[in-house]
Number of protein chains: 2
Amino acid sequence: MQVILPDGTKLDVPEHATGREVAQAIGPGLAKAALGTTVDGRLSDLATVVPDGAQVAILTKRDDAWIDLARHTLAHVMAQAVGEQMTEEGYDPGDVKLAIGPVIENGFYYDMDLPRSLTPEDLPVLEARMRRIVADDLPLRRFELPRETALERYREIGDPYKVELIEDLPEDAPLSFYEQGGETGFTDLCRGPHLPSTGKIPPHFKLMSLAGAYWRGDERRPMLQRVYGVAFKTKEELDLHLWRLEEAKKRDHRKLGQQLEIFTLDDDIGPGLPLWLPRGTVMVDEIEKLAKEMERQAGYQRVRSPHLSKEDLFLKSGHLPYYEHDMYPAMELDNVRYFVKPMNCPFHHKIYDARPRSYRELPLRLAEYGTCYRYEDSGALMGLMRVRSMQMNDAHIYCTEEQFEAEFLAVIELYLAYFRLFGIDEYVMRFSKHAPAGLGKKYVDEPELWLRTEAMVRKVMVENDVPHVEAEDEAAFYGPKIDVQITSAIGREFTLATNQVDFAQPRRFGLEYAAEDGTRKTPLCLHRAPLSTHERLIGFLTEHYAGDFPLWLAPEQVRIVPIADRHLGYAEEVRAALDAMDVRAEVDGRSERMNAKIRDAELLKVPYTVILGDREEQDRVVSFRSRQEPEAKGVSLDVFVRHLAKARDERAGEIEPIAAPAA
Amino acid sequence: MQVILPDGTKLDVPEHATGREVAQAIGPGLAKAALGTTVDGRLSDLATVVPDGAQVAILTKRDDAWIDLARHTLAHVMAQAVGEQMTEEGYDPGDVKLAIGPVIENGFYYDMDLPRSLTPEDLPVLEARMRRIVADDLPLRRFELPRETALERYREIGDPYKVELIEDLPEDAPLSFYEQGGETGFTDLCRGPHLPSTGKIPPHFKLMSLAGAYWRGDERRPMLQRVYGVAFKTKEELDLHLWRLEEAKKRDHRKLGQQLEIFTLDDDIGPGLPLWLPRGTVMVDEIEKLAKEMERQAGYQRVRSPHLSKEDLFLKSGHLPYYEHDMYPAMELDNVRYFVKPMNCPFHHKIYDARPRSYRELPLRLAEYGTCYRYEDSGALMGLMRVRSMQMNDAHIYCTEEQFEAEFLAVIELYLAYFRLFGIDEYVMRFSKHAPAGLGKKYVDEPELWLRTEAMVRKVMVENDVPHVEAEDEAAFYGPKIDVQITSAIGREFTLATNQVDFAQPRRFGLEYAAEDGTRKTPLCLHRAPLSTHERLIGFLTEHYAGDFPLWLAPEQVRIVPIADRHLGYAEEVRAALDAMDVRAEVDGRSERMNAKIRDAELLKVPYTVILGDREEQDRVVSFRSRQEPEAKGVSLDVFVRHLAKARDERAGEIEPIAAPAA
């Protein structure tokens with residue numbers, strides 16, 4: 001038979017040749033370096049038989065994909081280590097029952113039913129055993145057994161999980177096993193693929209954590225013990241991963257949100273309904289100010305609409321029925337059903353329609369920081385990132401078809417301006433399209449308009465060289481959209497901005513304008529939210545900046561620490577001077593030690609801590625520490641105030657150090 | 001028997017003396033000038049018998065109260081005029097059936113069942129007949145009839161309304177009648193009181209309008225015709241009233257709100273849920289900016305809270321059950337009931353409680369422009385004045401008892417500062433107290449705390465000489481309050497600001513602070529909203545200013561009118577110069593005639609209309625008309641921009657005219 005190699009050449013190999021035999025047929029050097037294969041693009045191992053005519057690539061260290069083989073084999077190695085440990089502790093080997101041990105992103109886990117509970121202290125012990133098994137370089141052997149033999153084997157061992165797994169497989173499914181270290185080693189029912197031997201496992205792995213996991217995710221079934229591990233090809237990758245985890249823990253916006261007093265959640269109010277504390281409110285206000293400035297320059301007008309409406313509005317818009325499952329339920333009174341709004345759009349359509357419109361008024365751009373309510377599944381809620389109350393940086397642009405391209409591009413330019421301001425370098429624009437199967441269900445039933453507007457969006461993106469990826473079945477119910485996915489400093493991805501074309505709602509609302517030729521036409525509508533919601537943006541920025549917000553966004557910009565009570569008067573003067581320039585400063589007038597006060601300011605990540613003593617008061621100067629520039633002493637108060645006001649007004653990401661004071 | 005006169009002297013009069021006889025006993029001059037009496041403080045007429053020992057005052061033209069006697073008599077005069085008119089038109093007198101004809105504020109009406117529909121053209125004809133009846137100076141005679149005689153009389157005439165009125169009275173009630181012009185004149189079942197003769201009616205009356213009115217307000221009963229009239233003691237009072245009505249029509253915020261594009265209502269959204277149009281949103285934003293500045297200076301911190309919550313919050317606060325009838329109904333999902341918030345307070349309590357508080361943080365002042373939803377009766381809704389969605393200028397001040405007085409006074413000072421800014425001169429502070437009968441029903445059941453906090457409020461008001469009136473049974477459910485009722489330029493009254501003491505909710509929420517002595521104490525809470533809601537304030541200001549808003553509040557501040565198309569370029573330059581100073585200016589670039597453009601700017605009441613032609617462009621100057629200062633020509637653009645920016649920044653009510661340009 002023949003297989004096809006990556007360069008297209010065909011290679012003759014014996015019938016039932018394994019990956020290893022293909023490698024040997026190419027050359028002995030490759031066979032030695034081989035770690036696994038891909039067969040018709042699917043990751044496979046050297047022990048697996050290759051079908052006639054398959055495309056086969058041999059994987060070596062230079063490839064990327066093989067690390068999942070190592071992760072899979074590590075799951076076995078870990079299970080073997082656990083078994084050895086239990087036996088050494090005197091437990092019966094039959095009390096160690098294995099369930100499943102798959103590969104996951106960055107690593108692996110194994111769910112086990114063990115005679116005792118593992119503790120975090122076990123992890124280094126188990127990891128040491130694993131490293132010994134790796135050092136032993138045990139070869140892995142793949143073999144198959146008939147169904148009845150396999151069942152008998154696990155019934156004998158007394159492992160109900162493997163028995164159940166086998167029973168659930170189709171009668172004629174081949175049952176493969178992997179054995180490492182011979183019959184006295186470790187054997188597991190497993191589909192593979194694996195490395196050829198434990199010695200090929202790179203040393204860059206680590207057991208991370210323990211968790212409880214119900215068998216088959218069913219809370220009525222036994223709770224098993226899950227051990228998680230990670231593994232990478234290089235030390236650098238492992239270190240980066242561990243650093244990111246550590247950073248993610250430190251930067252978690254839920255933790256920082258509490259420490260920095262940004263927001264809080266309350267059981268009496270309900271999940272997903274955050275309260276903005278005074279410091280968080282300052283940030284929200286700053287974000288609104290920013291958006292207001294940018295949008296004023298871009299020709300938007302602001303409007304305001306109520307948070308609830310009769311159902312009539314949402315029937316007209318199509319939110320009922322297309323979107324009802326995401327909405328809070330109805331309030332019914334006097335035979336009228338009211339709904340809290342999940343989106344602002346239908347209200348803006350009504351404002352468009354409040355009087356007759358002329359082509360001269362288009363594009364008409366209506367913006368609102370509208371708070372919408374969506375009944376997200378409680379399991380999906382997460383801090384500020386996934387909430388049920390969301391205040392959007394929302395706007396709707398009503399335009400002619402001729403104006404569409406310029407308006408759509410202007411919205412994308414607006415995103416990019418924000419990304420530059422926040423130092424967001426990694427982002428992907430995703431062009432989300434409908435799926436024909438969803439027409440009349442999750443999408444309005446207008447097949448031709450879908451294709452036409454999708455073509456319009458594609459044309460804008462392609463002709464203007466905006467890099468993007470296309471995604472099926474991700475559109476809004478009323479039209480295609482561009483979602484922008486950004487990656488935070490610690491590698492977390494979020495959908496932030498959105499830019500949507502709506503051909504459906506303007507027609508449903510009967511929106512019109514008097515065209516230049518005297519006819520009445522229906523405008524297109526763009527829905528856009530370049531800063532997403534206040535909630536998600538501030539959650540993201542908290543993690544992105546690790547709470548070290550740029551000066552303009554920091555809730556408290558300056559903390560003033562008088563060294564002794566006698567400096568309180570001067571401290572108040574400094575505060576007043578900052579306040580006069582709208583710099584947010586507070587005096588710590590408590591009778592605590594200076595270092596305790598400085599530490600408290602650090603915990604709140606206040607950008608500048610000004611320390612005032614006799615010398616500062618006498619010379620009318622300030623000395624400060626800063627999280628954003630080198631510390632300085634004896635700076636003239638006036639220079640300091642102007643320095644901060646300038647950095648604030650420029651919304652600078654990095655602050656140029658203050659000029660050294662004239663000594 | 002004896003009666004007591006206003007100066008305390010006792011006067012002997014015959015048994016069963018009438019008011020007229022008392023007047024005669026005092027002196028014949030007074031008897032001649034007498035128009036009516038008050039008996040024990042109650043308005044009465046000269047024909048009514050005075051009880052023994054009563055306090056009696058004789059009313060003459062110099063008094064105020066007697067005008068209601070004239071209004072009542074005018075109702076009879078009008079009914080007589082209608083009867084004469086119908087008879088003259090050939091209708092049977094029995095086809096004119098009278099229901100009720102009471103005195104109302106400023107005037108009177110009569111509800112009648114007539115053989116034909118009256119039209120506005122009938123009003124001057126009827127008024128002329130009434131003036132003839134007044135000129136005839138018909139004496140009024142009061143007499144009583146036994147119940148059966150009275151019933152018989154009206155059954156004979158065929159007036160079912162009077163029959164029903166008599167039947168509904170207690171069996172032993174005296175039935176009085178008033179007759180004017182003798183038996184051929186007009187007689188009516190009536191409790192009185194009346195003037196002694198039609199000639200005493202001052203000529204300052206006017207029939208105003210017609211309306212349909214169901215008998216006894218019941219839509220299943222016959223629809224009657226109601227004729228409205230007004231009457232005053234002097235021509236000046238009548239003229240002022242008519243001017244105010246005319247002004248009220250012109251200033252009606254519902255009419256101006258549409259003309260000036262401030263807000264709109266939409267049937268699909270629902271009654272009482274206004275949409276702010278772009279121009280109205282500018283005003284709301286300006287009001288928020290004002291409040292934000294004032295409150296920042298006054299030491300408030302801003303917060304934000306969601307618009308809905310689990311019922312748990314409102315159970316804890318006491319809104320359920322004390323306030324449920326004013327709330328939108330529950331949304332129930334997954335066995336949890338959510339409510340849209342009718343007030344912000346419980347959310348602020350949760351923010352207070354988000355972490356432990358120290359006395360050092362008090363007073364803690366939390367402010368929010370929170371939108372609340374109350375299910376007002378649909379009949380009570382009125383434009384922006386009575387709505388169901390209301391965005392409040394809300395704040396809650398948490399303080400110690402020692403801080404209460406200063407905080408309460410500071411809030412009142414804040415009101416007064418706003419009133420000065422808006423030129424509101426007429427206002428009344430109403431101290432609204434509980435009523436013991438409402439304890440446990442509309443008021444929290446804490447009788448002693450009610451008395452204690454009411455005493456605290458009274459002490460502040462009295463010791464600081466704040467003029468106020470006390471009102472029973474008008475408190476909030478959680479404590480006493482000061483409501484400020486203001487009177488607009490056209491004499492309409494509104495409750496605008498509010499300042500409430502809350503002793504109940506902090507305890508219900510378990511709010512505490514660590515006192516200086518180390519104990520844990522419960523703070524007091526003040527609820528305050530000095531600018532009321534955005535809706536009511538802007539509705540009020542629209543009527544107050546008749547749409548001629550001060551510059552800082554005007555949605556569009558400058559309209560730029562190029563005389564010809566060739567001046568468009570310079571018009572844009574002028575706009576850009578204004579825009580650079582954040583002055584809101586728009587160019588009218590349509591190819592309309594200049595006068596049409598000026599008229600359109602006038603309709604929108606834009607404060608400044610700049611007109612640009614060859615001379616202005618050549619000299620780089622502007623010429624303008626203004627609604628707020630004399631027009632000017634050839635003003636340097638730079639001077640103009642600075643002039644406007646200054647008036648805007650000062651929030652000037654009146655603008656000092658611009659210096660005459662150097663010729």
# chains A, B, ... in the order shown; residues from 1 in each chain; ligands from 1
call {"tool": "interface_residues", "arguments": {"of": "chain A", "to": "chain B", "cutoff": "9 Å", "atoms": "only C-alpha atoms", "output": "ChimeraX atom specification"}}
result
/A:264-270,273-282,301-314,316,328-333,338-340,347-348,350-351,354,360,366,371,373,389-390,590
call {"tool": "select_by_dssp", "arguments": {"residues": "range 73-276 of chain B", "states": "alpha helix (DSSP H)", "output": "PyMOL selection string"}}
result
chain B and resi 73-88+122-135+147-157+160-168+235-251+253-259
call {"tool": "select_by_dssp", "arguments": {"residues": "range 92-238 of chain A", "states": "strand (DSSP E or B)", "output": "PyMOL selection string"}}
result
chain A and resi 97-98+103-104+107-113+139-145+175-180+186-189+197+205-214+223-231
call {"tool": "residues_around", "arguments": {"residues": "Arg132 in chain B", "least_positions_apart": "6", "cutoff": "12 Å", "atoms": "only C-alpha atoms", "output": "PyMOL selection string"}}
result
chain B and resi 77-78+80-81+84+125-126+138+198-199+201+203
call {"tool": "write_last_selection", "arguments": {"atoms": "C-alpha atoms", "output": "PDB file, in the first residue's frame"}}
result
ATOM      1  CA  VAL B  77     -77.451  83.470  37.722  1.00  0.00           C
ATOM      2  CA  MET B  78     -75.948  81.353  34.957  1.00  0.00           C
ATOM      3  CA  GLN B  80     -81.273  81.268  35.261  1.00  0.00           C
ATOM      4  CA  ALA B  81     -79.735  82.701  32.060  1.00  0.00           C
ATOM      5  CA  GLU B  84     -84.344  81.961  29.871  1.00  0.00           C
ATOM      6  CA  VAL B 125     -74.953  85.393  24.728  1.00  0.00           C
ATOM      7  CA  LEU B 126     -75.389  83.730  28.116  1.00  0.00           C
ATOM      8  CA  LEU B 138     -82.722  90.628  42.067  1.00  0.00           C
ATOM      9  CA  THR B 198     -77.604  89.677  42.287  1.00  0.00           C
ATOM     10  CA  GLY B 199     -76.682  93.355  42.163  1.00  0.00           C
ATOM     11  CA  ILE B 201     -72.081  90.542  42.154  1.00  0.00           C
ATOM     12  CA  PRO B 203     -68.855  92.670  37.083  1.00  0.00           C
TER      13      PRO B 203
END
call {"tool": "closest_residue", "arguments": {"among": "B:Leu123, B:Leu165, B:Ala546, B:Ala514", "to": "Gly257 in chain B", "atoms": "only C-alpha atoms"}}
result
B:Ala546
call {"tool": "residues_around", "arguments": {"residues": "Ala564 in chain B", "least_positions_apart": "5", "cutoff": "12 Å", "atoms": "only C-alpha atoms", "output": "PDB file with N, CA and C atoms, in the first residue's frame"}}
result
ATOM      1  N   GLY B 569     -18.967  79.073   3.820  1.00  0.00           N
ATOM      2  CA  GLY B 569     -17.606  78.798   4.293  1.00  0.00           C
ATOM      3  C   GLY B 569     -17.315  79.586   5.565  1.00  0.00           C
ATOM      4  N   TYR B 570     -17.649  80.872   5.555  1.00  0.00           N
ATOM      5  CA  TYR B 570     -17.409  81.701   6.743  1.00  0.00           C
ATOM      6  C   TYR B 570     -18.309  81.241   7.899  1.00  0.00           C
ATOM      7  N   ALA B 571     -19.550  80.844   7.548  1.00  0.00           N
ATOM      8  CA  ALA B 571     -20.465  80.336   8.580  1.00  0.00           C
ATOM      9  C   ALA B 571     -19.833  79.140   9.293  1.00  0.00           C
ATOM     10  N   ASP B 588     -27.445  76.904   9.562  1.00  0.00           N
ATOM     11  CA  ASP B 588     -28.602  76.578   8.731  1.00  0.00           C
ATOM     12  C   ASP B 588     -28.178  76.726   7.272  1.00  0.00           C
ATOM     13  N   GLY B 589     -27.769  75.640   6.660  1.00  0.00           N
ATOM     14  CA  GLY B 589     -27.214  75.685   5.309  1.00  0.00           C
ATOM     15  C   GLY B 589     -28.242  75.425   4.216  1.00  0.00           C
ATOM     16  N   ARG B 590     -29.526  75.402   4.595  1.00  0.00           N
ATOM     17  CA  ARG B 590     -30.549  75.122   3.577  1.00  0.00           C
ATOM     18  C   ARG B 590     -30.660  76.282   2.587  1.00  0.00           C
ATOM     19  N   SER B 591     -31.176  75.987   1.398  1.00  0.00           N
ATOM     20  CA  SER B 591     -31.357  77.054   0.404  1.00  0.00           C
ATOM     21  C   SER B 591     -32.727  77.695   0.595  1.00  0.00           C
ATOM     22  N   GLU B 592     -32.985  78.148   1.819  1.00  0.00           N
ATOM     23  CA  GLU B 592     -34.236  78.863   2.099  1.00  0.00           C
ATOM     24  C   GLU B 592     -33.940  80.353   2.132  1.00  0.00           C
ATOM     25  N   ARG B 593     -35.000  81.158   2.142  1.00  0.00           N
ATOM     26  CA  ARG B 593     -34.805  82.599   2.289  1.00  0.00           C
ATOM     27  C   ARG B 593     -34.348  82.901   3.719  1.00  0.00           C
ATOM     28  N   MET B 594     -33.557  83.970   3.832  1.00  0.00           N
ATOM     29  CA  MET B 594     -32.996  84.323   5.131  1.00  0.00           C
ATOM     30  C   MET B 594     -34.086  84.470   6.189  1.00  0.00           C
ATOM     31  N   ASN B 595     -35.192  85.131   5.815  1.00  0.00           N
ATOM     32  CA  ASN B 595     -36.235  85.358   6.811  1.00  0.00           C
ATOM     33  C   ASN B 595     -36.867  84.056   7.295  1.00  0.00           C
ATOM     34  N   LYS B 597     -35.296  81.270   7.550  1.00  0.00           N
ATOM     35  CA  LYS B 597     -34.328  80.665   8.472  1.00  0.00           C
ATOM     36  C   LYS B 597     -34.386  81.348   9.834  1.00  0.00           C
ATOM     37  N   ILE B 611     -26.224  86.397  11.795  1.00  0.00           N
ATOM     38  CA  ILE B 611     -26.500  86.544  10.370  1.00  0.00           C
ATOM     39  C   ILE B 611     -25.223  87.005   9.686  1.00  0.00           C
ATOM     40  N   LEU B 612     -24.806  86.258   8.673  1.00  0.00           N
ATOM     41  CA  LEU B 612     -23.506  86.495   8.055  1.00  0.00           C
ATOM     42  C   LEU B 612     -23.671  86.803   6.575  1.00  0.00           C
ATOM     43  N   GLY B 613     -23.177  87.967   6.172  1.00  0.00           N
ATOM     44  CA  GLY B 613     -23.198  88.342   4.756  1.00  0.00           C
ATOM     45  C   GLY B 613     -21.823  88.803   4.325  1.00  0.00           C
ATOM     46  N   ASP B 614     -21.764  89.539   3.221  1.00  0.00           N
ATOM     47  CA  ASP B 614     -20.489  89.970   2.659  1.00  0.00           C
ATOM     48  C   ASP B 614     -19.677  90.790   3.663  1.00  0.00           C
ATOM     49  N   GLU B 617     -18.238  88.737   6.504  1.00  0.00           N
ATOM     50  CA  GLU B 617     -17.139  87.865   6.068  1.00  0.00           C
ATOM     51  C   GLU B 617     -15.874  88.685   5.832  1.00  0.00           C
TER      52      GLU B 617
END
call {"tool": "atom_distance", "arguments": {"atom1": "CA of Leu644 in chain B", "atom2": "CA of Asp600 in chain B"}}
result
21.4 Å
call {"tool": "residues_around", "arguments": {"residues": "range 62-67 of chain B", "least_positions_apart": "2", "cutoff": "10 Å", "atoms": "only C-alpha atoms", "output": "list in words"}}
result
Ala33, Ala34, Leu35, Gly36, Thr37, Thr38, Arg42, Leu43, Ser44, Asp45, Ile58, Leu59, Thr60, Leu69, Ala70, Arg71, His72, Thr73, Asn106, Gly107, Pro193, His194, Leu195, Ile201, Pro202, Ala231, Phe232 and Lys233 of chain B
call {"tool": "residues_around", "arguments": {"residues": "range 10-23 of chain A", "least_positions_apart": "3", "cutoff": "9 Å", "atoms": "only C-alpha atoms", "output": "PyMOL selection string"}}
result
chain A and resi 1-5+7+26-32+34+36-39+44-53+56-58
call {"tool": "residues_around", "arguments": {"residues": "range 467-470 of chain B", "least_positions_apart": "4", "cutoff": "6 Å", "atoms": "only C-alpha atoms", "output": "PyMOL selection string"}}
result
chain B and resi 429-431
call {"tool": "atom_distance", "arguments": {"atom1": "CA of Thr87 in chain B", "atom2": "CA of Pro102 in chain B"}}
result
23.7 Å
